[in-house]
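*Asks:* Quick one, query-v4.cif (mmCIF, C-alpha atoms):
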data_upload
#
loop_
_atom_site.group_PDB
_atom_site.id
_atom_site.type_symbol
_atom_site.label_atom_id
_atom_site.label_comp_id
_atom_site.auth_asym_id
_atom_site.auth_seq_id
_atom_site.Cartn_x
_atom_site.Cartn_y
_atom_site.Cartn_z
ATOM 1 C CA MET P 481 -2.653 -36.154 10.570
ATOM 2 C CA THR P 482 -4.539 -36.351 13.845
ATOM 3 C CA GLU P 483 -5.543 -32.985 15.237
ATOM 4 C CA ARG P 484 -6.032 -32.468 18.945
ATOM 5 C CA PRO P 485 -7.614 -29.468 20.655
ATOM 6 C CA GLU P 486 -4.452 -28.857 22.680
ATOM 7 C CA ASP P 487 -2.504 -28.533 19.416
ATOM 8 C CA ASP P 488 -4.747 -25.606 18.496
ATOM 9 C CA ASP P 489 -3.906 -23.991 21.834
ATOM 10 C CA LEU P 490 -0.213 -24.436 21.125
ATOM 11 C CA VAL P 491 -0.498 -22.817 17.717
ATOM 12 C CA GLU P 492 -2.607 -19.952 18.991
ATOM 13 C CA ALA P 493 -0.205 -19.250 21.857
ATOM 14 C CA ALA P 494 2.772 -19.235 19.526
ATOM 15 C CA LEU P 495 1.038 -17.071 16.919
ATOM 16 C CA ALA P 496 -0.050 -14.656 19.650
ATOM 17 C CA ALA P 497 3.607 -14.327 20.657
ATOM 18 C CA GLY P 498 4.417 -13.619 17.009
ATOM 19 C CA ARG P 499 1.745 -10.928 16.812
ATOM 20 C CA ALA P 500 3.004 -9.313 20.012
ATOM 21 C CA ALA P 501 6.516 -9.210 18.574
ATOM 22 C CA VAL P 502 5.335 -7.029 15.680
ATOM 23 C CA ASP P 503 5.216 -4.121 18.106
ATOM 24 C CA ARG P 504 8.843 -4.491 19.151
ATOM 25 C CA PRO P 505 10.726 -1.254 18.570
ATOM 26 C CA VAL P 506 12.943 -1.044 15.524
ATOM 27 C CA PRO P 507 16.618 -0.755 16.543
ATOM 28 C CA ASP P 508 17.949 2.772 16.261
ATOM 29 C CA ASP P 509 20.887 1.724 14.105
ATOM 30 C CA LEU P 510 18.556 0.117 11.553
ATOM 31 C CA LEU P 511 16.420 3.252 11.462
ATOM 32 C CA ALA P 512 19.573 5.325 10.973
ATOM 33 C CA ARG P 513 20.696 3.123 8.067
ATOM 34 C CA VAL P 514 17.287 3.305 6.413
ATOM 35 C CA ASP P 515 17.168 7.096 6.858
ATOM 36 C CA ALA P 516 20.657 7.368 5.356
ATOM 37 C CA ASP P 517 19.594 5.263 2.348
ATOM 38 C CA ALA P 518 16.549 7.456 1.861
ATOM 39 C CA LEU P 519 18.674 10.613 1.897
ATOM 40 C CA ALA P 520 21.246 9.086 -0.458
ATOM 41 C CA HIS P 521 18.515 8.266 -2.995
ATOM 42 C CA LEU P 522 16.405 11.376 -2.442
ATOM 43 C CA PRO P 523 15.092 12.469 -5.850
ATOM 44 C CA PRO P 524 15.720 16.112 -6.784
ATOM 45 C CA PRO P 525 12.857 18.421 -5.814
ATOM 46 C CA LEU P 526 10.305 19.005 -8.526
ATOM 47 C CA PRO P 527 10.437 22.532 -9.987
ATOM 48 C CA LYS P 528 7.989 24.844 -8.286
ATOM 49 C CA THR P 529 5.100 25.635 -10.567
ATOM 50 C CA ALA P 530 3.557 29.094 -10.426
ATOM 51 C CA GLY P 531 -0.102 29.439 -9.606
ATOM 52 C CA PRO P 532 -2.664 29.185 -12.381
ATOM 53 C CA GLY P 533 -2.377 31.989 -14.948
ATOM 54 C CA ARG P 534 -5.168 34.229 -16.238
ATOM 55 C CA TRP P 535 -5.854 32.004 -19.224
ATOM 56 C CA ARG P 536 -6.176 28.958 -16.993
ATOM 57 C CA ILE P 537 -8.608 30.789 -14.713
ATOM 58 C CA LEU P 538 -10.663 31.912 -17.730
ATOM 59 C CA LEU P 539 -10.586 28.412 -19.162
ATOM 60 C CA ALA P 540 -11.819 26.965 -15.889
ATOM 61 C CA ALA P 541 -14.585 29.597 -15.663
ATOM 62 C CA LEU P 542 -15.838 28.622 -19.115
ATOM 63 C CA GLY P 543 -16.039 24.982 -18.170
ATOM 64 C CA GLY P 544 -12.648 23.873 -19.388
ATOM 65 C CA TRP P 545 -11.844 22.870 -22.948
ATOM 66 C CA PRO P 546 -15.271 21.247 -23.572
ATOM 67 C CA GLY P 547 -16.982 24.516 -22.653
ATOM 68 C CA VAL P 548 -14.666 26.587 -24.827
ATOM 69 C CA SER P 549 -15.075 24.271 -27.800
ATOM 70 C CA GLY P 550 -18.871 24.464 -27.457
ATOM 71 C CA ILE P 551 -18.784 28.262 -27.461
ATOM 72 C CA ALA P 552 -16.455 28.329 -30.447
ATOM 73 C CA THR P 553 -18.632 25.883 -32.404
ATOM 74 C CA ALA P 554 -21.788 27.893 -31.740
ATOM 75 C CA GLY P 555 -20.087 31.127 -32.778
ATOM 76 C CA LEU P 556 -18.695 29.707 -35.985
ATOM 77 C CA THR P 557 -22.020 28.105 -36.850
ATOM 78 C CA GLY P 558 -23.770 31.471 -36.467
ATOM 79 C CA LEU P 559 -21.210 33.221 -38.629
ATOM 80 C CA TRP P 560 -21.484 30.593 -41.308
ATOM 81 C CA LEU P 561 -25.268 30.740 -41.421
ATOM 82 C CA GLY P 562 -25.200 34.530 -41.615
ATOM 83 C CA PHE P 563 -22.687 34.499 -44.402
ATOM 84 C CA VAL P 564 -24.230 31.742 -46.549
ATOM 85 C CA THR P 565 -27.946 32.675 -46.307
ATOM 86 C CA PRO P 566 -28.272 36.334 -45.293
ATOM 87 C CA GLU P 567 -31.704 36.701 -47.005
ATOM 88 C CA LEU P 568 -33.182 34.004 -44.816
ATOM 89 C CA TRP P 569 -32.306 35.905 -41.683
ATOM 90 C CA LEU P 570 -33.245 39.283 -43.131
ATOM 91 C CA GLY P 571 -36.584 37.807 -44.241
ATOM 92 C CA THR P 572 -37.301 36.432 -40.842
ATOM 93 C CA PHE P 573 -36.006 39.190 -38.613
ATOM 94 C CA GLY P 574 -34.953 42.181 -40.736
ATOM 95 C CA GLN P 575 -38.255 42.640 -42.633
ATOM 96 C CA VAL P 576 -40.571 41.496 -39.985
ATOM 97 C CA SER P 577 -42.605 44.730 -40.086
ATOM 98 C CA ASP P 578 -43.860 43.943 -43.655
ATOM 99 C CA HIS P 579 -45.503 40.784 -42.484
ATOM 100 C CA ALA P 580 -46.431 41.825 -39.008
ATOM 101 C CA ASP P 581 -49.972 40.480 -39.400
ATOM 102 C CA LEU P 582 -48.590 36.996 -39.923
ATOM 103 C CA LEU P 583 -47.237 37.133 -36.437
ATOM 104 C CA LEU P 584 -50.366 38.443 -34.767
ATOM 105 C CA PRO P 585 -53.290 36.306 -33.628
ATOM 106 C CA ASP P 586 -56.573 36.647 -35.563
ATOM 107 C CA ASP P 587 -58.535 38.094 -32.663
ATOM 108 C CA TYR P 588 -55.914 40.821 -32.298
ATOM 109 C CA THR P 589 -56.641 41.958 -35.871
ATOM 110 C CA ILE P 590 -60.397 41.936 -35.289
ATOM 111 C CA ALA P 591 -60.166 43.795 -32.066
ATOM 112 C CA SER P 592 -57.960 46.472 -33.524
ATOM 113 C CA GLU P 593 -60.273 46.940 -36.527
ATOM 114 C CA GLY P 594 -63.335 47.060 -34.370
ATOM 115 C CA MET D 340 8.403 4.297 23.072
ATOM 116 C CA ARG D 341 10.294 7.398 22.045
ATOM 117 C CA PRO D 342 8.448 10.714 21.862
ATOM 118 C CA LYS D 343 7.058 11.343 18.429
ATOM 119 C CA HIS D 344 8.169 14.246 16.313
ATOM 120 C CA SER D 345 5.356 16.767 15.917
ATOM 121 C CA ALA D 346 5.374 16.156 12.160
ATOM 122 C CA ASP D 347 4.762 12.458 12.866
ATOM 123 C CA HIS D 348 1.424 13.357 14.426
ATOM 124 C CA ALA D 349 0.516 15.623 11.531
ATOM 125 C CA ALA D 350 1.253 12.859 9.030
ATOM 126 C CA GLU D 351 -0.607 10.067 10.817
ATOM 127 C CA ASP D 352 -3.589 10.381 8.498
ATOM 128 C CA VAL D 353 -1.549 10.791 5.327
ATOM 129 C CA PRO D 354 -1.720 7.582 3.245
ATOM 130 C CA ASP D 355 1.489 5.665 2.537
ATOM 131 C CA GLU D 356 1.140 6.391 -1.152
ATOM 132 C CA ALA D 357 0.948 10.144 -0.569
ATOM 133 C CA LEU D 358 4.067 10.058 1.597
ATOM 134 C CA LEU D 359 5.895 8.045 -1.047
ATOM 135 C CA ALA D 360 4.854 10.580 -3.685
ATOM 136 C CA ARG D 361 6.182 13.389 -1.494
ATOM 137 C CA TYR D 362 9.487 11.575 -1.107
ATOM 138 C CA GLY D 363 9.527 11.022 -4.882
ATOM 139 C CA ALA D 364 9.108 14.775 -5.263
ATOM 140 C CA GLY D 365 12.216 15.392 -3.176
ATOM 141 C CA GLU D 366 10.828 15.704 0.353
ATOM 142 C CA ALA D 367 13.180 13.925 2.763
ATOM 143 C CA LEU D 368 10.859 14.158 5.755
ATOM 144 C CA ALA D 369 8.299 11.972 3.997
ATOM 145 C CA ALA D 370 10.788 9.095 3.928
ATOM 146 C CA ARG D 371 11.489 9.502 7.623
ATOM 147 C CA LEU D 372 7.785 9.226 8.397
ATOM 148 C CA LEU D 373 7.265 6.333 6.017
ATOM 149 C CA ALA D 374 10.201 4.387 7.466
ATOM 150 C CA ARG D 375 8.872 4.710 11.005
ATOM 151 C CA ARG D 376 5.455 3.609 9.879
ATOM 152 C CA LEU D 377 6.468 0.631 7.736
ATOM 153 C CA LEU D 378 9.691 -0.688 9.240
ATOM 154 C CA PRO D 379 8.231 -2.426 12.326
ATOM 155 C CA ARG D 380 6.027 -4.684 10.216
ATOM 156 C CA VAL D 381 8.688 -5.207 7.567
ATOM 157 C CA LEU D 382 11.182 -6.247 10.219
ATOM 158 C CA ALA D 383 8.669 -8.473 12.000
ATOM 159 C CA VAL D 384 7.698 -10.313 8.816
ATOM 160 C CA ALA D 385 11.324 -10.789 7.796
ATOM 161 C CA THR D 386 12.210 -12.066 11.276
ATOM 162 C CA ARG D 387 9.437 -14.679 11.250
ATOM 163 C CA MET D 388 10.210 -15.700 7.671
ATOM 164 C CA LEU D 389 13.892 -16.134 8.492
ATOM 165 C CA GLY D 390 13.408 -18.347 11.530
ATOM 166 C CA GLY D 391 14.026 -15.585 14.058
ATOM 167 C CA ASP D 392 17.382 -14.519 12.658
ATOM 168 C CA ARG D 393 17.215 -10.859 13.615
ATOM 169 C CA ALA D 394 20.454 -9.797 11.915
ATOM 170 C CA GLU D 395 19.412 -11.284 8.579
ATOM 171 C CA ALA D 396 15.947 -9.824 9.026
ATOM 172 C CA GLU D 397 17.405 -6.343 9.561
ATOM 173 C CA ASP D 398 19.402 -6.676 6.349
ATOM 174 C CA VAL D 399 16.265 -7.712 4.472
ATOM 175 C CA ALA D 400 14.275 -4.848 5.980
ATOM 176 C CA GLN D 401 16.922 -2.329 4.981
ATOM 177 C CA GLU D 402 17.140 -3.750 1.463
ATOM 178 C CA ALA D 403 13.347 -3.725 1.072
ATOM 179 C CA MET D 404 13.154 -0.089 2.155
ATOM 180 C CA LEU D 405 16.030 0.781 -0.174
ATOM 181 C CA ARG D 406 14.074 -0.669 -3.088
ATOM 182 C CA LEU D 407 11.111 1.434 -2.043
ATOM 183 C CA TRP D 408 13.220 4.600 -2.089
ATOM 184 C CA ARG D 409 14.527 3.699 -5.529
ATOM 185 C CA ILE D 410 11.127 3.096 -7.040
ATOM 186 C CA ALA D 411 9.542 6.212 -5.499
ATOM 187 C CA PRO D 412 10.056 8.574 -8.483
ATOM 188 C CA ASP D 413 8.518 5.984 -10.818
ATOM 189 C CA TRP D 414 5.712 4.882 -8.505
ATOM 190 C CA ARG D 415 2.433 4.677 -10.380
ATOM 191 C CA PRO D 416 -0.439 5.793 -8.144
ATOM 192 C CA GLY D 417 -3.286 3.357 -7.771
ATOM 193 C CA GLU D 418 -1.436 0.393 -9.214
ATOM 194 C CA ALA D 419 -0.599 -1.273 -5.895
ATOM 195 C CA ARG D 420 -0.670 -0.468 -2.214
ATOM 196 C CA VAL D 421 2.712 0.480 -0.829
ATOM 197 C CA SER D 422 2.414 -2.073 1.984
ATOM 198 C CA THR D 423 1.446 -4.854 -0.440
ATOM 199 C CA TRP D 424 4.390 -4.011 -2.690
ATOM 200 C CA LEU D 425 6.727 -3.983 0.301
ATOM 201 C CA TYR D 426 5.463 -7.311 1.670
ATOM 202 C CA ARG D 427 6.064 -8.829 -1.767
ATOM 203 C CA VAL D 428 9.646 -7.557 -1.792
ATOM 204 C CA VAL D 429 10.246 -8.874 1.725
ATOM 205 C CA VAL D 430 8.830 -12.304 0.872
ATOM 206 C CA ASN D 431 11.034 -12.532 -2.230
ATOM 207 C CA LEU D 432 14.162 -11.361 -0.416
ATOM 208 C CA CYS D 433 13.589 -13.861 2.383
ATOM 209 C CA THR D 434 13.002 -16.670 -0.108
ATOM 210 C CA ASP D 435 16.298 -15.839 -1.830
ATOM 211 C CA ARG D 436 18.179 -15.813 1.474
ATOM 212 C CA LEU D 437 16.678 -19.099 2.609
ATOM 213 C CA ARG D 438 17.622 -20.732 -0.696
ATOM 214 C CA ARG D 439 21.167 -19.490 -0.351
ATOM 215 C CA ALA D 440 21.302 -20.685 3.259
ATOM 216 C CA ARG D 441 20.110 -24.162 2.250
ATOM 217 C CA SER D 442 22.858 -24.432 -0.317
ATOM 218 C CA ALA D 443 25.457 -23.262 2.229
ATOM 219 C CA PRO D 444 27.362 -25.677 4.504
ATOM 220 C CA LEU D 445 25.246 -26.756 7.461
ATOM 221 C CA ASP D 446 27.426 -25.151 10.137
ATOM 222 C CA ALA D 447 27.092 -21.810 8.366
ATOM 223 C CA VAL D 448 23.320 -21.777 8.895
ATOM 224 C CA PRO D 449 22.388 -19.920 12.065
ATOM 225 C CA GLU D 450 20.269 -21.648 14.646
ATOM 226 C CA PRO D 451 16.707 -20.413 14.764
ATOM 227 C CA ALA D 452 16.668 -18.084 17.715
ATOM 228 C CA ASP D 453 15.212 -14.821 18.786
ATOM 229 C CA ASP D 454 16.903 -13.967 22.033
ATOM 230 C CA ALA D 455 17.129 -10.230 21.524
ATOM 231 C CA PRO D 456 15.890 -8.389 24.591
ATOM 232 C CA GLY D 457 12.589 -6.646 24.033
ATOM 233 C CA PRO D 458 9.368 -5.671 25.704
ATOM 234 C CA LEU D 459 8.116 -9.274 25.675
ATOM 235 C CA ALA D 460 6.567 -10.126 28.983
ATOM 236 C CA GLY D 461 9.111 -12.448 30.468
ATOM 237 C CA LEU D 462 10.893 -15.584 29.461
ATOM 238 C CA ALA D 463 7.767 -17.605 28.659
ATOM 239 C CA GLU D 464 6.815 -15.201 25.891
ATOM 240 C CA ALA D 465 10.344 -15.232 24.470
ATOM 241 C CA ASP D 466 10.325 -19.031 24.567
ATOM 242 C CA ARG D 467 7.046 -19.138 22.718
ATOM 243 C CA LEU D 468 8.468 -16.850 20.093
ATOM 244 C CA ALA D 469 11.535 -19.057 19.740
ATOM 245 C CA ALA D 470 9.297 -22.115 19.428
ATOM 246 C CA LEU D 471 7.202 -20.313 16.814
ATOM 247 C CA ASP D 472 10.299 -19.468 14.804
ATOM 248 C CA ALA D 473 11.546 -23.047 15.015
ATOM 249 C CA GLY D 474 8.134 -24.329 13.958
ATOM 250 C CA LEU D 475 7.839 -21.874 11.094
ATOM 251 C CA ALA D 476 11.356 -22.695 9.934
ATOM 252 C CA ALA D 477 10.324 -26.324 9.518
ATOM 253 C CA LEU D 478 7.499 -25.434 7.106
ATOM 254 C CA PRO D 479 7.853 -25.275 3.337
ATOM 255 C CA ASP D 480 8.521 -21.685 2.195
ATOM 256 C CA ARG D 481 5.076 -21.009 0.734
ATOM 257 C CA GLN D 482 3.249 -22.385 3.760
ATOM 258 C CA ARG D 483 5.417 -20.325 6.096
ATOM 259 C CA GLN D 484 4.791 -17.169 4.067
ATOM 260 C CA ALA D 485 1.037 -17.746 4.020
ATOM 261 C CA VAL D 486 0.863 -18.476 7.763
ATOM 262 C CA VAL D 487 2.946 -15.424 8.706
ATOM 263 C CA LEU D 488 0.997 -13.053 6.476
ATOM 264 C CA ARG D 489 -2.385 -14.442 7.537
ATOM 265 C CA HIS D 490 -1.996 -15.228 11.222
ATOM 266 C CA ILE D 491 0.699 -12.808 12.352
ATOM 267 C CA GLU D 492 0.286 -9.860 10.023
ATOM 268 C CA GLY D 493 -3.476 -10.368 9.861
ATOM 269 C CA LEU D 494 -3.754 -9.762 6.124
ATOM 270 C CA SER D 495 -6.779 -10.926 4.161
ATOM 271 C CA ASN D 496 -6.542 -13.877 1.794
ATOM 272 C CA PRO D 497 -6.979 -11.665 -1.307
ATOM 273 C CA GLU D 498 -4.116 -9.435 -0.092
ATOM 274 C CA ILE D 499 -1.907 -12.465 0.475
ATOM 275 C CA ALA D 500 -2.847 -13.823 -2.937
ATOM 276 C CA ASP D 501 -1.734 -10.504 -4.445
ATOM 277 C CA ILE D 502 1.555 -10.554 -2.538
ATOM 278 C CA MET D 503 2.371 -14.176 -3.338
ATOM 279 C CA GLY D 504 1.040 -14.173 -6.888
ATOM 280 C CA LEU D 505 -1.433 -16.981 -6.173
ATOM 281 C CA SER D 506 -5.167 -17.496 -6.316
ATOM 282 C CA VAL D 507 -7.202 -16.911 -3.164
ATOM 283 C CA GLU D 508 -8.063 -20.610 -3.117
ATOM 284 C CA ALA D 509 -4.387 -21.541 -3.191
ATOM 285 C CA VAL D 510 -3.716 -19.185 -0.293
ATOM 286 C CA GLU D 511 -6.566 -20.704 1.724
ATOM 287 C CA SER D 512 -5.147 -24.144 1.126
ATOM 288 C CA LEU D 513 -1.585 -23.090 1.984
ATOM 289 C CA THR D 514 -2.685 -21.341 5.156
ATOM 290 C CA ALA D 515 -4.724 -24.316 6.373
ATOM 291 C CA ARG D 516 -1.983 -26.834 5.621
ATOM 292 C CA GLY D 517 0.651 -24.544 7.086
ATOM 293 C CA LYS D 518 -1.236 -24.094 10.316
ATOM 294 C CA ARG D 519 -1.738 -27.844 10.689
ATOM 295 C CA ALA D 520 1.932 -28.486 10.017
ATOM 296 C CA LEU D 521 2.874 -25.783 12.512
ATOM 297 C CA ALA D 522 0.668 -27.431 15.128
ATOM 298 C CA ALA D 523 2.434 -30.721 14.533
ATOM 299 C CA GLU D 524 5.837 -29.035 14.898
ATOM 300 C CA LEU D 525 4.843 -27.253 18.078
ATOM 301 C CA ALA D 526 3.386 -30.381 19.609
ATOM 302 C CA GLY D 527 6.950 -31.500 20.159
ATOM 303 C CA GLN D 528 7.744 -28.312 22.016
ATOM 304 C CA ARG D 529 5.036 -28.250 24.658
ATOM 305 C CA GLU D 530 7.438 -27.505 27.443
ATOM 306 C CA ALA D 531 8.896 -24.474 25.705
ATOM 307 C CA LEU D 532 5.410 -23.156 25.124
ATOM 308 C CA GLY D 533 4.450 -23.595 28.753
ATOM 309 C CA TYR D 534 1.945 -26.405 28.247
ATOM 310 C CA GLU D 535 1.937 -29.705 30.051
ATOM 311 C CA GLU D 536 1.242 -32.944 28.218
ATOM 312 C CA GLY D 537 -2.431 -33.632 28.970
#
Output the file's structure as structure tokens, nothing else.
*Replies:*
Amino acid sequence: MTERPEDDDLVEAALAAGRAAVDRPVPDDLLARVDADALAHLPPPLPKTAGPGRWRILLAALGGWPGVSGIATAGLTGLWLGFVTPELWLGTFGQVSDHADLLLPDDYTIASEG
Amino acid sequence: MRPKHSADHAAEDVPDEALLARYGAGEALAARLLARRLLPRVLAVATRMLGGDRAEAEDVAQEAMLRLWRIAPDWRPGEARVSTWLYRVVVNLCTDRLRRARSAPLDAVPEPADDAPGPLAGLAEADRLAALDAGLAALPDRQRQAVVLRHIEGLSNPEIADIMGLSVEAVESLTARGKRALAAELAGQREALGYEEG
């Protein structure tokens, strides 16, 4: 097919007319029909949901379910350790006064004796 | 241009998808706004695809919008743009109508014409539009669709590929061939387009 510059002008002029026609107003009767269709097929309104409850607010404050699960895991782990090996924790924290010197630096002992 | 409803101004920045979701949730006003936003382009595309047959184009536009209302409650956000979905429906509806028209007796097929009065600036513009419609009507369906979506609607090739279910390369090829074929068709209508044989 042989292309000529004037053919490009023809196409551009025609396409420009097509683009201009996009802005033509939609006839009122078509708009009315489309509006009527929309009303006829209008889905029922969704039930109104109440605002977030206290539990949801608390949940959000704790970082959502990941935050709550982390807190619960830490708590259960502590309980389990306390239940299974109470002597370990008593030895470390409960009877700390019997071995107080183990926790003090050497120079502290010397200074207090001197 | 009719005066806009105050709600129209308020909704200008609301995306199509959000308005469709509001309609799907039972808000009638959202459909009113969406129709006024989308219908001009839907009608324009259908008119060009159907060789300027305004009555057929209005039927297609109404049917396309009806399908949008029906799908609204089941619309899946983020899956497709509303405009892309609508263009696809319009293209398919027009293709169906053109196929039916081709299988109908010849005298039942309307002449390509677009003589409805409008804000076009004078007869020359209306003649150019009529020549465009006649030229487009002579193109194969896919070429016509690609040319209208690219050069009249101004869509990108990837968008057109999505609408037509083709690769971007196929769209580029269709658009180029369609535009050349349109030029050849219009070359026989220089007078109608206001150009003298040089």
*Asks:* Chain D residues within 8 Å of chain P, counting all atoms listed in the file: which ones, as a CSV table (one decimal) with C-alpha atoms, in the coordinates of the input?
*Replies:*
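That gives us out_26.csv:
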chain,number,residue,atom,x,y,z
D,340,MET,CA,8.4,4.3,23.1
D,362,TYR,CA,9.5,11.6,-1.1
D,363,GLY,CA,9.5,11.0,-4.9
D,364,ALA,CA,9.1,14.8,-5.3
D,365,GLY,CA,12.2,15.4,-3.2
D,366,GLU,CA,10.8,15.7,0.4
D,367,ALA,CA,13.2,13.9,2.8
D,370,ALA,CA,10.8,9.1,3.9
D,371,ARG,CA,11.5,9.5,7.6
D,374,ALA,CA,10.2,4.4,7.5
D,375,ARG,CA,8.9,4.7,11.0
D,378,LEU,CA,9.7,-0.7,9.2
D,379,PRO,CA,8.2,-2.4,12.3
D,380,ARG,CA,6.0,-4.7,10.2
D,382,LEU,CA,11.2,-6.2,10.2
D,383,ALA,CA,8.7,-8.5,12.0
D,384,VAL,CA,7.7,-10.3,8.8
D,387,ARG,CA,9.4,-14.7,11.2
D,397,GLU,CA,17.4,-6.3,9.6
D,401,GLN,CA,16.9,-2.3,5.0
D,404,MET,CA,13.2,-0.1,2.2
D,405,LEU,CA,16.0,0.8,-0.2
D,408,TRP,CA,13.2,4.6,-2.1
D,409,ARG,CA,14.5,3.7,-5.5
D,412,PRO,CA,10.1,8.6,-8.5
D,457,GLY,CA,12.6,-6.6,24.0
D,458,PRO,CA,9.4,-5.7,25.7
D,459,LEU,CA,8.1,-9.3,25.7
D,464,GLU,CA,6.8,-15.2,25.9
D,465,ALA,CA,10.3,-15.2,24.5
D,467,ARG,CA,7.0,-19.1,22.7
D,468,LEU,CA,8.5,-16.8,20.1
D,470,ALA,CA,9.3,-22.1,19.4
D,471,LEU,CA,7.2,-20.3,16.8
D,490,HIS,CA,-2.0,-15.2,11.2
D,491,ILE,CA,0.7,-12.8,12.4
D,492,GLU,CA,0.3,-9.9,10.0
D,518,LYS,CA,-1.2,-24.1,10.3
D,519,ARG,CA,-1.7,-27.8,10.7
D,521,LEU,CA,2.9,-25.8,12.5
D,522,ALA,CA,0.7,-27.4,15.1
D,523,ALA,CA,2.4,-30.7,14.5
D,525,LEU,CA,4.8,-27.3,18.1
D,526,ALA,CA,3.4,-30.4,19.6
D,529,ARG,CA,5.0,-28.2,24.7
D,532,LEU,CA,5.4,-23.2,25.1
D,534,TYR,CA,1.9,-26.4,28.2
*Asks:* Identify, on the basis of only C-alpha atoms, every residue whose closest approach to segment 499-504 of chain D does not exceed 8 Å; exclude the query and any residue fewer than 4 positions from it along the same chain; express the result as a list of chain:residue names.
*Replies:*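 Counting only C-alpha atoms, the residues come to D:Thr423, D:Trp424, D:Tyr426, D:Arg427, D:Val430, D:Ala485, D:Leu488, D:Arg489, D:Leu494, D:Ser495, D:Ala509, D:Val510.
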*Asks:* As number ranges by chain, please: the residues near Val381 of chain D (cut-off 8 Å, only C-alpha atoms, same-chain neighbours under 5 positions excluded).
*Replies:* D: 400, 425-426, 429
*Asks:* Calculate how many Å separate atom CA of Asp392 of chain D from atom CA of Glu498 of chain D, rounding to one decimal.
*Replies:*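 One can read the atom CA of Asp392 of chain D to atom CA of Glu498 of chain D distance as 25.5 Å.
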*Asks:* Please indicate the distance in Å from atom CA of Gly391 of chain D to atom CA of Ala473 of chain D, rounded to one decimal place.
*Replies:* 7.9 Å
*Asks:* Counting all atoms listed in the file, which residue out of D:Leu432, D:Val507, D:Leu358, D:Ile410 sits closest to Glu395 of chain D?
*Replies:*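 Using all atoms listed in the file, the shortest distance to Glu395 of chain D belongs to D:Leu432.
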*Asks:* Can you measure atom CA of Leu359 of chain D to atom CA of Ala411 of chain D for me? One decimal in Å is fine.
*Replies:*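 It comes out at 6.0 Å.
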*Asks:* I need the residue set behind the PyMOL selection byres ((chain D and resi 433) around 8) for this file; please write it as number ranges by chain.
*Replies:* D: 385, 388-389, 399, 429-432, 434-437
*Asks:* Please output segment 506-517 of chain P, rebuilt to include N, CA and C atoms, as a JSON list (two decimals), in the frame of the given file.
*Replies:*
[["chain", "number", "residue", "atom", "x", "y", "z"],
["P", 506, "VAL", "N", 11.90, -0.84, 16.53],
["P", 506, "VAL", "CA", 12.94, -1.04, 15.52],
["P", 506, "VAL", "C", 14.25, -0.50, 16.09],
["P", 507, "PRO", "N", 15.34, -1.26, 16.00],
["P", 507, "PRO", "CA", 16.62, -0.76, 16.54],
["P", 507, "PRO", "C", 17.01, 0.58, 15.91],
["P", 508, "ASP", "N", 17.58, 1.44, 16.74],
["P", 508, "ASP", "CA", 17.95, 2.77, 16.26],
["P", 508, "ASP", "C", 18.95, 2.73, 15.10],
["P", 509, "ASP", "N", 19.88, 1.75, 15.17],
["P", 509, "ASP", "CA", 20.89, 1.72, 14.10],
["P", 509, "ASP", "C", 20.27, 1.33, 12.77],
["P", 510, "LEU", "N", 19.24, 0.46, 12.81],
["P", 510, "LEU", "CA", 18.56, 0.12, 11.55],
["P", 510, "LEU", "C", 17.81, 1.34, 11.01],
["P", 511, "LEU", "N", 17.13, 2.04, 11.89],
["P", 511, "LEU", "CA", 16.42, 3.25, 11.46],
["P", 511, "LEU", "C", 17.41, 4.25, 10.85],
["P", 512, "ALA", "N", 18.57, 4.38, 11.48],
["P", 512, "ALA", "CA", 19.57, 5.32, 10.97],
["P", 512, "ALA", "C", 20.05, 4.91, 9.58],
["P", 513, "ARG", "N", 20.25, 3.60, 9.38],
["P", 513, "ARG", "CA", 20.70, 3.12, 8.07],
["P", 513, "ARG", "C", 19.63, 3.37, 7.00],
["P", 514, "VAL", "N", 18.39, 3.11, 7.37],
["P", 514, "VAL", "CA", 17.29, 3.30, 6.41],
["P", 514, "VAL", "C", 17.14, 4.79, 6.08],
["P", 515, "ASP", "N", 17.24, 5.64, 7.10],
["P", 515, "ASP", "CA", 17.17, 7.10, 6.86],
["P", 515, "ASP", "C", 18.30, 7.54, 5.94],
["P", 516, "ALA", "N", 19.50, 6.98, 6.18],
["P", 516, "ALA", "CA", 20.66, 7.37, 5.36],
["P", 516, "ALA", "C", 20.45, 6.93, 3.90],
["P", 517, "ASP", "N", 19.90, 5.73, 3.71],
["P", 517, "ASP", "CA", 19.59, 5.26, 2.35],
["P", 517, "ASP", "C", 18.60, 6.20, 1.66]]
